[in-house]
$ cat upload-v3.csv   # CSV, C-alpha atoms
chain,number,residue,atom,x,y,z
Q,1,MET,CA,-31.9,-29.7,-45.6
Q,2,ALA,CA,-28.3,-30.0,-46.7
Q,3,ASP,CA,-27.5,-26.4,-45.7
Q,4,GLN,CA,-29.8,-26.5,-42.6
Q,5,LYS,CA,-28.0,-25.2,-39.5
Q,6,ASP,CA,-27.1,-27.7,-36.8
Q,7,TYR,CA,-28.3,-26.0,-33.6
Q,8,TYR,CA,-26.9,-28.8,-31.4
Q,9,GLU,CA,-23.4,-28.2,-32.9
Q,10,THR,CA,-23.8,-24.5,-32.5
Q,11,LEU,CA,-24.2,-24.9,-28.7
Q,12,GLY,CA,-21.8,-27.8,-28.5
Q,13,VAL,CA,-24.2,-30.3,-27.0
Q,14,SER,CA,-25.4,-33.7,-28.1
Q,15,ARG,CA,-28.8,-34.3,-29.6
Q,16,ASP,CA,-30.1,-36.0,-26.5
Q,17,ALA,CA,-28.9,-33.2,-24.2
Q,18,ASP,CA,-31.4,-32.3,-21.4
Q,19,ASP,CA,-32.7,-28.8,-20.8
Q,20,ASP,CA,-30.2,-28.0,-18.1
Q,21,THR,CA,-27.2,-29.0,-20.3
Q,22,ILE,CA,-28.6,-26.8,-23.1
Q,23,ARG,CA,-29.1,-23.9,-20.7
Q,24,LYS,CA,-25.6,-24.1,-19.3
Q,25,ALA,CA,-24.0,-24.3,-22.7
Q,26,PHE,CA,-26.0,-21.2,-23.8
Q,27,ARG,CA,-25.0,-19.2,-20.7
Q,28,LYS,CA,-21.3,-20.0,-21.2
Q,29,LEU,CA,-21.3,-19.2,-24.9
Q,30,SER,CA,-23.5,-16.1,-24.7
Q,31,LYS,CA,-21.2,-14.6,-22.1
Q,32,LYS,CA,-18.1,-15.4,-24.2
Q,33,TYR,CA,-19.4,-13.9,-27.5
Q,34,HIS,CA,-21.7,-11.1,-26.4
Q,35,PRO,CA,-20.7,-8.0,-28.4
Q,36,ASP,CA,-20.4,-5.9,-25.3
Q,37,LEU,CA,-17.8,-8.3,-23.9
Q,38,ASN,CA,-16.1,-9.6,-27.0
Q,39,HIS,CA,-15.0,-7.1,-29.7
Q,40,ALA,CA,-13.2,-9.7,-31.9
Q,41,PRO,CA,-14.3,-9.9,-35.5
Q,42,GLY,CA,-17.1,-12.4,-35.9
Q,43,ALA,CA,-18.1,-12.4,-32.3
Q,44,GLU,CA,-21.3,-10.6,-32.9
Q,45,GLN,CA,-22.4,-13.0,-35.7
Q,46,LYS,CA,-21.5,-15.9,-33.5
Q,47,PHE,CA,-23.6,-14.5,-30.7
Q,48,LYS,CA,-26.6,-14.2,-33.0
Q,49,GLU,CA,-26.2,-17.9,-34.1
Q,50,ILE,CA,-26.0,-19.0,-30.4
Q,51,ASN,CA,-29.1,-17.0,-29.6
Q,52,GLU,CA,-31.0,-18.5,-32.6
Q,53,ALA,CA,-30.0,-22.0,-31.6
Q,54,TYR,CA,-31.1,-21.5,-28.0
Q,55,GLN,CA,-34.4,-20.0,-29.0
Q,56,VAL,CA,-35.2,-23.3,-30.8
Q,57,LEU,CA,-33.7,-25.9,-28.5
Q,58,SER,CA,-34.9,-24.3,-25.2
Q,59,ASP,CA,-38.5,-24.6,-26.3
Q,60,PRO,CA,-40.0,-28.2,-26.3
Q,61,GLN,CA,-42.4,-27.6,-29.2
Q,62,LYS,CA,-39.8,-25.9,-31.4
Q,63,ARG,CA,-37.2,-28.5,-30.5
Q,64,ALA,CA,-39.6,-31.3,-31.4
Q,65,ALA,CA,-40.3,-29.8,-34.8
Q,66,TYR,CA,-36.6,-29.2,-35.4
Q,67,ASP,CA,-35.7,-32.8,-34.5
Q,68,GLN,CA,-38.4,-34.1,-36.8
Q,69,TYR,CA,-38.3,-31.8,-39.8
Q,70,GLY,CA,-34.8,-30.1,-39.4
Q,71,SER,CA,-36.6,-26.8,-38.9
Q,72,ALA,CA,-38.4,-25.1,-36.0
Q,73,ASP,CA,-41.0,-24.1,-38.5
Q,74,GLY,CA,-42.1,-27.7,-39.3
Q,75,PRO,CA,-42.4,-29.4,-42.7
Q,76,GLN,CA,-42.0,-27.2,-45.7
Q,77,GLY,CA,-45.3,-25.5,-46.5
Q,78,PHE,CA,-47.0,-26.4,-43.2
Q,79,GLY,CA,-45.8,-23.4,-41.3
Q,80,ASN,CA,-46.7,-20.7,-43.8
Q,81,ALA,CA,-50.2,-19.9,-42.5
Q,82,GLY,CA,-51.0,-16.3,-41.9
Q,83,ALA,CA,-51.3,-14.7,-38.5
Q,84,GLY,CA,-54.3,-16.1,-36.6
Q,85,GLN,CA,-54.8,-19.1,-38.8
Q,86,ALA,CA,-53.5,-21.5,-36.2
Q,87,GLY,CA,-55.1,-19.7,-33.4
Q,88,GLY,CA,-54.2,-20.1,-29.7
Q,89,PHE,CA,-50.4,-20.2,-30.0
Q,90,GLY,CA,-49.6,-16.6,-30.9
Q,91,ASP,CA,-49.3,-15.5,-27.3
Q,92,PHE,CA,-47.9,-18.7,-25.8
Q,93,GLY,CA,-45.1,-16.7,-24.0
Q,94,GLY,CA,-47.1,-15.8,-20.9
Q,95,GLY,CA,-47.9,-12.3,-22.3
Q,96,GLN,CA,-44.4,-11.9,-23.7
Q,97,GLY,CA,-45.5,-12.4,-27.3
Q,98,GLY,CA,-43.4,-15.5,-27.9
Q,99,PHE,CA,-41.0,-18.0,-26.3
Q,100,GLY,CA,-38.3,-15.5,-25.2
Q,101,GLY,CA,-38.9,-15.7,-21.4
Q,102,GLY,CA,-36.2,-18.3,-20.8
Q,103,PHE,CA,-33.6,-16.4,-22.8
Q,104,ASP,CA,-34.4,-13.2,-20.9
Q,105,ASP,CA,-33.9,-14.9,-17.5
Q,106,ILE,CA,-30.5,-16.2,-18.4
Q,107,PHE,CA,-29.4,-13.2,-20.3
Q,108,SER,CA,-30.2,-10.9,-17.4
Q,109,GLN,CA,-27.9,-12.9,-15.1
Q,110,PHE,CA,-24.9,-11.8,-17.1
Q,111,PHE,CA,-25.8,-8.4,-18.5
Q,112,GLY,CA,-27.6,-6.4,-15.9
Q,113,GLY,CA,-31.2,-7.4,-16.1
Q,114,THR,CA,-33.5,-7.9,-13.1
Q,115,GLY,CA,-34.4,-11.5,-13.8
Q,116,GLY,CA,-37.9,-13.0,-14.1
Q,117,GLY,CA,-38.0,-12.2,-17.8
Q,118,ALA,CA,-37.2,-8.5,-17.3
Q,119,GLN,CA,-35.3,-6.8,-20.1
Q,120,ALA,CA,-31.6,-6.1,-19.5
Q,121,ASN,CA,-30.7,-2.5,-19.6
Q,122,PRO,CA,-28.4,-2.0,-22.6
Q,123,SER,CA,-27.1,1.3,-21.2
Q,124,ALA,CA,-26.3,-0.1,-17.7
Q,125,PRO,CA,-22.6,0.4,-16.6
Q,126,ARG,CA,-20.6,-2.8,-16.5
Q,127,GLN,CA,-17.3,-3.4,-14.9
Q,128,GLY,CA,-14.3,-4.3,-17.1
Q,129,ALA,CA,-12.6,-7.6,-17.2
Q,130,ASP,CA,-10.0,-8.7,-14.5
Q,131,LEU,CA,-6.4,-9.3,-15.5
Q,132,GLN,CA,-3.6,-11.4,-14.0
Q,133,TYR,CA,0.1,-10.6,-13.8
Q,134,ARG,CA,2.9,-13.0,-12.7
Q,135,MET,CA,5.6,-11.4,-10.6
Q,136,ASP,CA,8.9,-13.3,-10.0
Q,137,LEU,CA,10.6,-12.7,-6.6
Q,138,THR,CA,13.8,-13.9,-5.1
Q,139,PHE,CA,13.7,-15.8,-1.8
Q,140,GLU,CA,14.8,-12.6,0.1
Q,141,GLU,CA,12.4,-10.3,-1.8
Q,142,ALA,CA,9.5,-12.5,-0.7
Q,143,ILE,CA,10.5,-12.2,2.9
Q,144,PHE,CA,11.2,-8.5,3.1
Q,145,GLY,CA,8.9,-7.2,0.4
Q,146,LYS,CA,9.8,-4.5,-2.0
Q,147,ASN,CA,8.5,-1.5,-3.9
Q,148,THR,CA,8.5,-1.8,-7.7
Q,149,LYS,CA,6.9,-0.8,-10.9
Q,150,ILE,CA,5.2,-3.1,-13.4
Q,151,SER,CA,4.0,-2.6,-16.9
Q,152,TYR,CA,1.4,-4.6,-18.8
Q,153,ASP,CA,-1.0,-4.3,-21.7
Q,154,ARG,CA,-4.7,-3.6,-21.1
Q,155,GLU,CA,-7.8,-2.0,-22.6
Q,156,SER,CA,-8.3,1.5,-21.4
Q,157,VAL,CA,-11.0,4.1,-22.0
Q,158,CYS,CA,-10.3,5.7,-25.4
Q,159,HIS,CA,-8.5,9.0,-24.8
Q,160,THR,CA,-10.0,10.5,-28.0
Q,161,CYS,CA,-13.7,9.9,-27.4
Q,162,HIS,CA,-13.5,9.2,-23.6
Q,163,GLY,CA,-15.4,5.9,-24.1
Q,164,SER,CA,-18.4,7.0,-26.2
Q,165,GLY,CA,-17.1,5.4,-29.4
Q,166,ALA,CA,-18.2,8.4,-31.3
Q,167,LYS,CA,-16.1,10.9,-33.3
Q,168,PRO,CA,-15.3,14.0,-31.2
Q,169,GLY,CA,-18.1,16.6,-31.6
Q,170,THR,CA,-20.7,13.9,-32.2
Q,171,SER,CA,-22.6,11.5,-29.8
Q,172,PRO,CA,-24.2,8.1,-30.1
Q,173,VAL,CA,-27.9,8.2,-30.9
Q,174,THR,CA,-30.8,6.0,-30.1
Q,175,CYS,CA,-30.8,2.9,-32.3
Q,176,HIS,CA,-33.3,3.5,-35.2
Q,177,LYS,CA,-34.1,-0.2,-35.3
Q,178,CYS,CA,-34.7,-1.2,-31.7
Q,179,HIS,CA,-35.4,2.3,-30.4
Q,180,GLY,CA,-33.0,1.9,-27.6
Q,181,THR,CA,-34.2,-1.4,-26.1
Q,182,GLY,CA,-31.3,-3.4,-27.5
Q,183,TYR,CA,-33.8,-6.1,-28.8
Q,184,ILE,CA,-36.1,-6.6,-31.8
Q,185,GLN,CA,-39.2,-8.7,-32.2
Q,186,VAL,CA,-39.1,-11.2,-34.9
Q,187,GLN,CA,-42.2,-12.9,-36.3
Q,188,ARG,CA,-42.0,-16.5,-37.5
Q,189,ASN,CA,-44.6,-18.7,-39.0
Q,190,THR,CA,-44.3,-22.2,-37.5
Q,191,ALA,CA,-46.2,-25.4,-37.4
Q,192,PHE,CA,-47.9,-24.1,-34.2
Q,193,GLY,CA,-48.9,-20.7,-35.6
Q,194,THR,CA,-47.3,-17.3,-35.7
Q,195,MET,CA,-44.6,-16.9,-33.1
Q,196,MET,CA,-43.1,-13.7,-31.8
Q,197,THR,CA,-39.6,-14.0,-30.5
Q,198,ARG,CA,-37.1,-11.5,-29.2
Q,199,GLN,CA,-33.5,-11.3,-30.2
Q,200,VAL,CA,-30.5,-9.0,-29.9
Q,201,CYS,CA,-30.7,-6.0,-32.3
Q,202,ASP,CA,-28.4,-6.6,-35.2
Q,203,VAL,CA,-27.7,-2.9,-35.7
Q,204,CYS,CA,-26.6,-1.9,-32.2
Q,205,GLY,CA,-25.6,-5.3,-30.9
Q,206,GLY,CA,-27.8,-4.9,-27.9
Q,207,THR,CA,-26.4,-1.6,-26.7
Q,208,GLY,CA,-29.5,0.4,-27.7
Q,209,LYS,CA,-27.1,3.1,-29.2
Q,210,GLU,CA,-26.1,3.7,-32.7
Q,211,ILE,CA,-22.9,5.4,-33.7
Q,212,LYS,CA,-23.2,7.3,-36.9
Q,213,GLU,CA,-19.6,8.6,-37.0
Q,214,LYS,CA,-17.1,6.4,-35.2
Q,215,CYS,CA,-14.1,7.6,-33.3
Q,216,PRO,CA,-11.0,7.4,-35.5
Q,217,THR,CA,-8.9,6.1,-32.6
Q,218,CYS,CA,-11.0,3.2,-31.2
Q,219,HIS,CA,-13.3,2.8,-34.3
Q,220,GLY,CA,-16.4,2.9,-32.2
Q,221,SER,CA,-15.5,0.4,-29.4
Q,222,GLY,CA,-14.8,3.2,-26.8
Q,223,HIS,CA,-11.6,1.3,-25.8
Q,224,GLU,CA,-8.0,1.3,-26.9
Q,225,GLN,CA,-4.9,-0.8,-26.0
Q,226,GLU,CA,-2.4,0.8,-23.8
Q,227,ARG,CA,0.8,0.0,-22.0
Q,228,HIS,CA,-0.1,0.6,-18.4
Q,229,THR,CA,2.5,1.2,-15.6
Q,230,ILE,CA,1.7,1.0,-12.0
Q,231,ASP,CA,3.5,1.1,-8.6
Q,232,VAL,CA,3.3,-2.1,-6.6
Q,233,LYS,CA,4.2,-2.5,-3.0
Q,234,VAL,CA,5.0,-6.2,-2.4
Q,235,PRO,CA,4.1,-7.0,1.2
Q,236,ALA,CA,6.8,-8.6,3.4
Q,237,GLY,CA,6.2,-12.3,3.9
Q,238,VAL,CA,4.4,-13.3,0.7
Q,239,GLU,CA,4.7,-16.9,-0.4
Q,240,ASP,CA,4.9,-18.8,-3.7
Q,241,GLY,CA,1.5,-18.9,-5.3
Q,242,GLN,CA,-0.2,-16.2,-3.3
Q,243,GLN,CA,-1.9,-13.3,-5.0
Q,244,MET,CA,-2.6,-9.7,-4.4
Q,245,ARG,CA,-5.6,-7.7,-5.8
Q,246,LEU,CA,-5.2,-4.2,-7.1
Q,247,GLN,CA,-8.6,-2.7,-7.5
Q,248,GLN,CA,-9.5,-1.0,-10.9
Q,249,ALA,CA,-6.2,-1.8,-12.4
Q,250,GLY,CA,-7.7,-4.3,-14.9
Q,251,GLU,CA,-9.5,-3.4,-18.2
Q,252,ALA,CA,-11.9,-0.6,-18.8
Q,253,GLY,CA,-15.6,-1.1,-18.2
Q,254,THR,CA,-18.4,-0.2,-20.6
Q,255,ASN,CA,-21.1,2.5,-20.5
Q,256,GLY,CA,-19.1,4.3,-17.9
Q,257,GLY,CA,-18.6,1.2,-15.7
Q,258,PRO,CA,-15.5,0.9,-13.5
Q,259,TYR,CA,-12.2,-0.8,-14.5
Q,260,GLY,CA,-11.8,-4.4,-13.5
Q,261,ASP,CA,-9.1,-5.6,-11.1
Q,262,LEU,CA,-5.5,-6.8,-11.5
Q,263,TYR,CA,-4.5,-9.9,-9.7
Q,264,ILE,CA,-0.7,-10.2,-9.1
Q,265,VAL,CA,0.4,-13.8,-8.6
Q,266,PHE,CA,3.8,-14.3,-6.9
Q,267,ARG,CA,6.3,-16.9,-8.0
Q,268,VAL,CA,9.1,-17.1,-5.4
Q,269,ALA,CA,12.5,-18.7,-6.4
Q,270,PRO,CA,13.8,-21.3,-3.9
Q,271,SER,CA,16.9,-20.6,-1.8
Q,272,LYS,CA,20.0,-22.8,-2.1
Q,273,LYS,CA,20.6,-22.4,1.6
Q,274,TYR,CA,17.3,-22.1,3.4
Q,275,GLN,CA,13.9,-23.9,3.4
Q,276,ARG,CA,10.7,-22.1,4.3
Q,277,ASP,CA,7.3,-23.2,5.6
Q,278,GLY,CA,5.1,-20.2,6.2
Q,279,ALA,CA,6.8,-17.9,8.6
Q,280,GLU,CA,9.4,-20.5,9.7
Q,281,ILE,CA,12.8,-20.8,8.0
Q,282,TYR,CA,14.9,-23.9,8.3
Q,283,LEU,CA,18.7,-24.2,8.0
Q,284,THR,CA,21.0,-27.3,8.4
Q,285,ILE,CA,24.6,-26.7,9.5
Q,286,PRO,CA,27.6,-29.1,10.0
Q,287,LEU,CA,29.3,-29.6,13.3
Q,288,SER,CA,32.6,-31.4,14.0
Q,289,PHE,CA,32.8,-34.2,16.5
Q,290,ALA,CA,34.9,-32.0,18.8
Q,291,GLN,CA,32.4,-29.1,18.7
Q,292,ALA,CA,29.5,-31.4,19.4
Q,293,ALA,CA,31.3,-33.2,22.3
Q,294,LEU,CA,33.0,-30.2,23.9
Q,295,GLY,CA,30.5,-27.5,23.0
Q,296,ASP,CA,31.2,-24.3,21.1
Q,297,GLU,CA,29.9,-20.8,20.2
Q,298,ILE,CA,29.5,-20.4,16.4
Q,299,LYS,CA,28.1,-18.0,13.9
Q,300,VAL,CA,24.9,-19.0,12.1
Q,301,ASP,CA,23.5,-17.4,9.0
Q,302,THR,CA,19.9,-16.0,9.0
Q,303,VAL,CA,18.0,-14.0,6.4
Q,304,HIS,CA,18.4,-11.1,8.9
Q,305,GLY,CA,22.2,-11.5,9.2
Q,306,PRO,CA,24.6,-13.8,11.1
Q,307,VAL,CA,23.9,-14.4,14.8
Q,308,GLU,CA,25.9,-16.2,17.6
Q,309,LEU,CA,24.6,-19.7,18.6
Q,310,LYS,CA,25.9,-21.6,21.7
Q,311,ILE,CA,26.3,-25.3,21.1
Q,312,PRO,CA,26.1,-27.2,24.5
Q,313,ALA,CA,28.6,-29.9,25.2
Q,314,GLY,CA,27.3,-33.3,24.2
Q,315,THR,CA,25.1,-32.1,21.4
Q,316,GLN,CA,23.8,-34.9,19.3
Q,317,SER,CA,23.3,-35.0,15.5
Q,318,GLN,CA,19.9,-33.7,14.3
Q,319,THR,CA,19.5,-31.5,17.4
Q,320,LYS,CA,17.4,-28.5,16.6
Q,321,PHE,CA,17.9,-24.9,17.9
Q,322,ARG,CA,15.3,-22.2,17.6
Q,323,LEU,CA,16.3,-18.6,16.8
Q,324,ARG,CA,13.4,-16.5,17.8
Q,325,GLY,CA,12.3,-13.8,15.4
Q,326,LYS,CA,14.7,-14.8,12.7
Q,327,GLY,CA,12.2,-16.2,10.3
Q,328,ALA,CA,9.8,-14.5,7.8
Q,329,PRO,CA,7.2,-11.8,8.7
Q,330,ARG,CA,3.6,-13.0,9.0
Q,331,LEU,CA,1.4,-11.4,6.5
Q,332,ARG,CA,-1.4,-10.8,9.0
Q,333,GLY,CA,0.8,-8.7,11.2
Q,334,ASN,CA,1.3,-11.2,14.0
Q,335,GLY,CA,5.1,-10.7,14.3
Q,336,THR,CA,7.9,-12.7,12.7
Q,337,GLY,CA,8.5,-16.4,12.6
Q,338,ASP,CA,11.6,-18.2,13.8
Q,339,GLU,CA,14.6,-19.9,12.2
Q,340,ILE,CA,15.0,-23.6,13.0
Q,341,VAL,CA,18.7,-24.7,12.9
Q,342,THR,CA,19.4,-28.4,12.7
Q,343,VAL,CA,23.0,-29.6,13.4
Q,344,GLU,CA,24.6,-32.6,11.7
Q,345,ILE,CA,27.7,-34.2,13.2
Q,346,GLN,CA,30.4,-34.6,10.5
Q,347,THR,CA,32.6,-37.7,10.7
Q,348,PRO,CA,36.1,-36.8,9.3
Q,349,LYS,CA,37.1,-39.0,6.4
Q,350,HIS,CA,40.9,-38.4,6.3
Q,351,LEU,CA,42.8,-38.4,9.6
Q,352,ASN,CA,46.5,-37.7,10.0
Q,353,GLU,CA,48.6,-39.8,12.4
Q,354,LYS,CA,48.3,-37.3,15.2
Q,355,GLN,CA,44.5,-37.3,14.9
Q,356,LYS,CA,44.4,-41.1,14.9
Q,357,ALA,CA,46.6,-41.3,18.0
Q,358,ALA,CA,44.4,-38.8,19.8
Q,359,LEU,CA,41.3,-40.7,19.0
Q,360,MET,CA,42.9,-44.0,20.1
Q,361,GLN,CA,43.7,-42.4,23.4
Q,362,PHE,CA,40.1,-41.1,23.6
Q,363,ALA,CA,38.8,-44.6,22.9
Q,364,ALA,CA,41.1,-46.1,25.5
Q,365,ALA,CA,40.0,-43.6,28.1
Q,366,SER,CA,36.4,-44.4,27.3
Q,367,GLY,CA,37.1,-48.1,27.9
Q,368,GLU,CA,36.7,-49.0,24.2
Q,369,ASP,CA,38.8,-51.6,22.4
Q,370,VAL,CA,39.0,-50.1,18.9
Q,371,THR,CA,40.8,-51.9,16.1
Q,372,PRO,CA,41.3,-49.4,13.3
Q,373,HIS,CA,40.9,-50.5,9.7
Q,374,ASN,CA,43.9,-48.8,8.0
Q,375,GLY,CA,45.0,-48.6,4.4
Q,376,THR,CA,43.6,-50.3,1.3
Q,377,LEU,CA,42.3,-53.8,1.0
Q,378,PHE,CA,45.7,-54.9,-0.5
Q,379,ASP,CA,47.5,-53.5,2.6
Q,380,ARG,CA,45.1,-55.3,5.0
Q,381,VAL,CA,45.7,-58.6,3.1
Q,382,LYS,CA,49.5,-58.2,3.4
Q,383,GLU,CA,49.1,-57.6,7.1
Q,384,ALA,CA,47.1,-60.8,7.5
Q,385,PHE,CA,49.8,-62.8,5.7
Q,386,LYS,CA,52.5,-61.3,8.0
Q,387,GLY,CA,50.5,-62.2,11.0
Q,388,GLY,CA,50.2,-65.9,9.8
Q,389,LYS,CA,54.0,-66.4,9.6

$ encode --input "upload-v3.csv" --output "structure tokens"
Amino acid sequence: MADQKDYYETLGVSRDADDDTIRKAFRKLSKKYHPDLNHAPGAEQKFKEINEAYQVLSDPQKRAAYDQYGSADGPQGFGNAGAGQAGGFGDFGGGQGGFGGGFDDIFSQFFGGTGGGAQANPSAPRQGADLQYRMDLTFEEAIFGKNTKISYDRESVCHTCHGSGAKPGTSPVTCHKCHGTGYIQVQRNTAFGTMMTRQVCDVCGGTGKEIKEKCPTCHGSGHEQERHTIDVKVPAGVEDGQQMRLQQAGEAGTNGGPYGDLYIVFRVAPSKKYQRDGAEIYLTIPLSFAQAALGDEIKVDTVHGPVELKIPAGTQSQTKFRLRGKGAPRLRGNGTGDEIVTVEIQTPKHLNEKQKAALMQFAAASGEDVTPHNGTLFDRVKEAFKGGK
């Protein structure tokens, strides 16, 4: 009992987990560690352990025996009866010869089966994994787009064996153990009689093919790592966080399946001058009091180049002007957005005597009685004492 496998720990669930939780855990782990999808060392063994744990915990009778005795076969010595001695349970799988129906249903969702307990086709083509690439853009590049090249690492079809995994001049053969089905039947003596269960073939890993002489380049996987370079046309008007899909630019498929896709995620650097919201671009510019009061014609920067902007006399601070068609292109082809220019009236901080005099005359002409606060606090105190004499 000390070295008994903990099936709950294998699936990462608690001992009181319900059937749905166990099923979801198995689906997630089987997809992660299946030999056709994960070529890392130890993945195949991990997949076998996951399958074994699910075979027990997904069946109420087996799970009950496991919870009570620490084994799906019941107490030691009780499950060693020969075939037929505990009659009535040998075909308790609905004609499947065991309890494998639930596993088949779930397995087929991931690996190409037809559901309803049908066996997954181990030779069915499967699309490769998708990849993601982050592309950094300047503010202007995002607005106008650009043509560029990118390079990244991916799994490609082996150039030596062209994906077969076999040494050139040889070919994979039908697995001698599972005869091409990808599965083997395992007989177990349990407390309920002799059980027949189905599990992934430990020779071919579920592919149904056996490679006698492996390719010297890919060592039988059919794939190899490559540095892939591709041309990318960044569309005008992309925004930060948006992504673009390049079909079949991901990793190689299996059994002649297509490549996966590449998703390019754009990261756009902010501008020190402009703000952007979709296709609209925003700019704030300063105006002097004289320009706002008298009106003026000024040059305003846009991402498309400087343009002339007429400032009407009497313009107030925070007034907004719309420059049509000077924003960012709309990705869906509906033209170009606008630039919104906000003006801020700047109050001068340091006036010379001539400017002060002109403003005093302006105040007087406006009927205003303005008392300027001149100099420092010390100067104003001295003036107050002089006035008191």

$ atom_distance --input "upload-v3.csv" --atom1 "atom CA of Q:Thr319" --atom2 "atom CA of Q:Asp296"
14.2 Å

$ closest_atom_pairs --input "upload-v3.csv" --of "stretch 113-167 of chain Q" --to "stretch 328-332 of chain Q" --cutoff "9 Å" --atoms "all atoms listed in the file" --output "JSON lines"
{"residue": "Q:Ala142", "atom": "CA", "partner": "Q:Ala328", "partner_atom": "CA", "distance": 8.7}
{"residue": "Q:Ile143", "atom": "CA", "partner": "Q:Ala328", "partner_atom": "CA", "distance": 5.5}
{"residue": "Q:Phe144", "atom": "CA", "partner": "Q:Pro329", "partner_atom": "CA", "distance": 7.6}

$ closest_residue --input "upload-v3.csv" --among "Q:Cys161, Q:Ala124, Q:Val232, Q:Ala293" --to "Q:Asn147" --atoms "all atoms listed in the file"
Q:Val232

$ atom_distance --input "upload-v3.csv" --atom1 "atom CA of Q:Gly206" --atom2 "atom CA of Q:Val13"
25.7 Å

$ closest_residue --input "upload-v3.csv" --among "Q:Pro270, Q:Gly220, Q:Gly169, Q:Gly305" --to "Q:Glu141" --atoms "all atoms listed in the file"
Q:Pro270

$ closest_residue --input "upload-v3.csv" --among "Q:Val56, Q:Val268, Q:Ala290, Q:Cys218" --to "Q:Met195" --atoms "all atoms listed in the file"
Q:Val56

$ residues_around --input "upload-v3.csv" --residues "Q:Lys149" --least-positions-apart "4" --cutoff "9 Å" --atoms "only C-alpha atoms" --output "mmCIF file with C-alpha atoms, in the coordinates of the input"
data_model
loop_
_atom_site.group_PDB
_atom_site.id
_atom_site.type_symbol
_atom_site.label_atom_id
_atom_site.label_comp_id
_atom_site.auth_asym_id
_atom_site.auth_seq_id
_atom_site.Cartn_x
_atom_site.Cartn_y
_atom_site.Cartn_z
ATOM 1 C CA THR Q 229 2.500 1.200 -15.600
ATOM 2 C CA ILE Q 230 1.700 1.000 -12.000
ATOM 3 C CA ASP Q 231 3.500 1.100 -8.600
ATOM 4 C CA VAL Q 232 3.300 -2.100 -6.600
ATOM 5 C CA LYS Q 233 4.200 -2.500 -3.000
#

$ atom_distance --input "upload-v3.csv" --atom1 "atom CA of Q:Tyr274" --atom2 "atom CA of Q:Gly295"
24.2 Å

$ closest_residue --input "upload-v3.csv" --among "Q:Gln225, Q:His219, Q:Lys46, Q:Asp20" --to "Q:Lys32" --atoms "all atoms listed in the file"
Q:Lys46

$ residues_around --input "upload-v3.csv" --residues "Q:Ser30" --least-positions-apart "5" --cutoff "10 Å" --atoms "all atoms listed in the file" --output "PyMOL selection string"
chain Q and resi 11+24-25+35+37+46-51+54+106-107+110

$ closest_residue --input "upload-v3.csv" --among "Q:Leu57, Q:Asp261, Q:Gln248, Q:Gly165" --to "Q:Pro216" --atoms "only C-alpha atoms"
Q:Gly165

$ closest_residue --input "upload-v3.csv" --among "Q:Ala313, Q:Lys62, Q:Lys356, Q:Pro125" --to "Q:Asn189" --atoms "all atoms listed in the file"
Q:Lys62
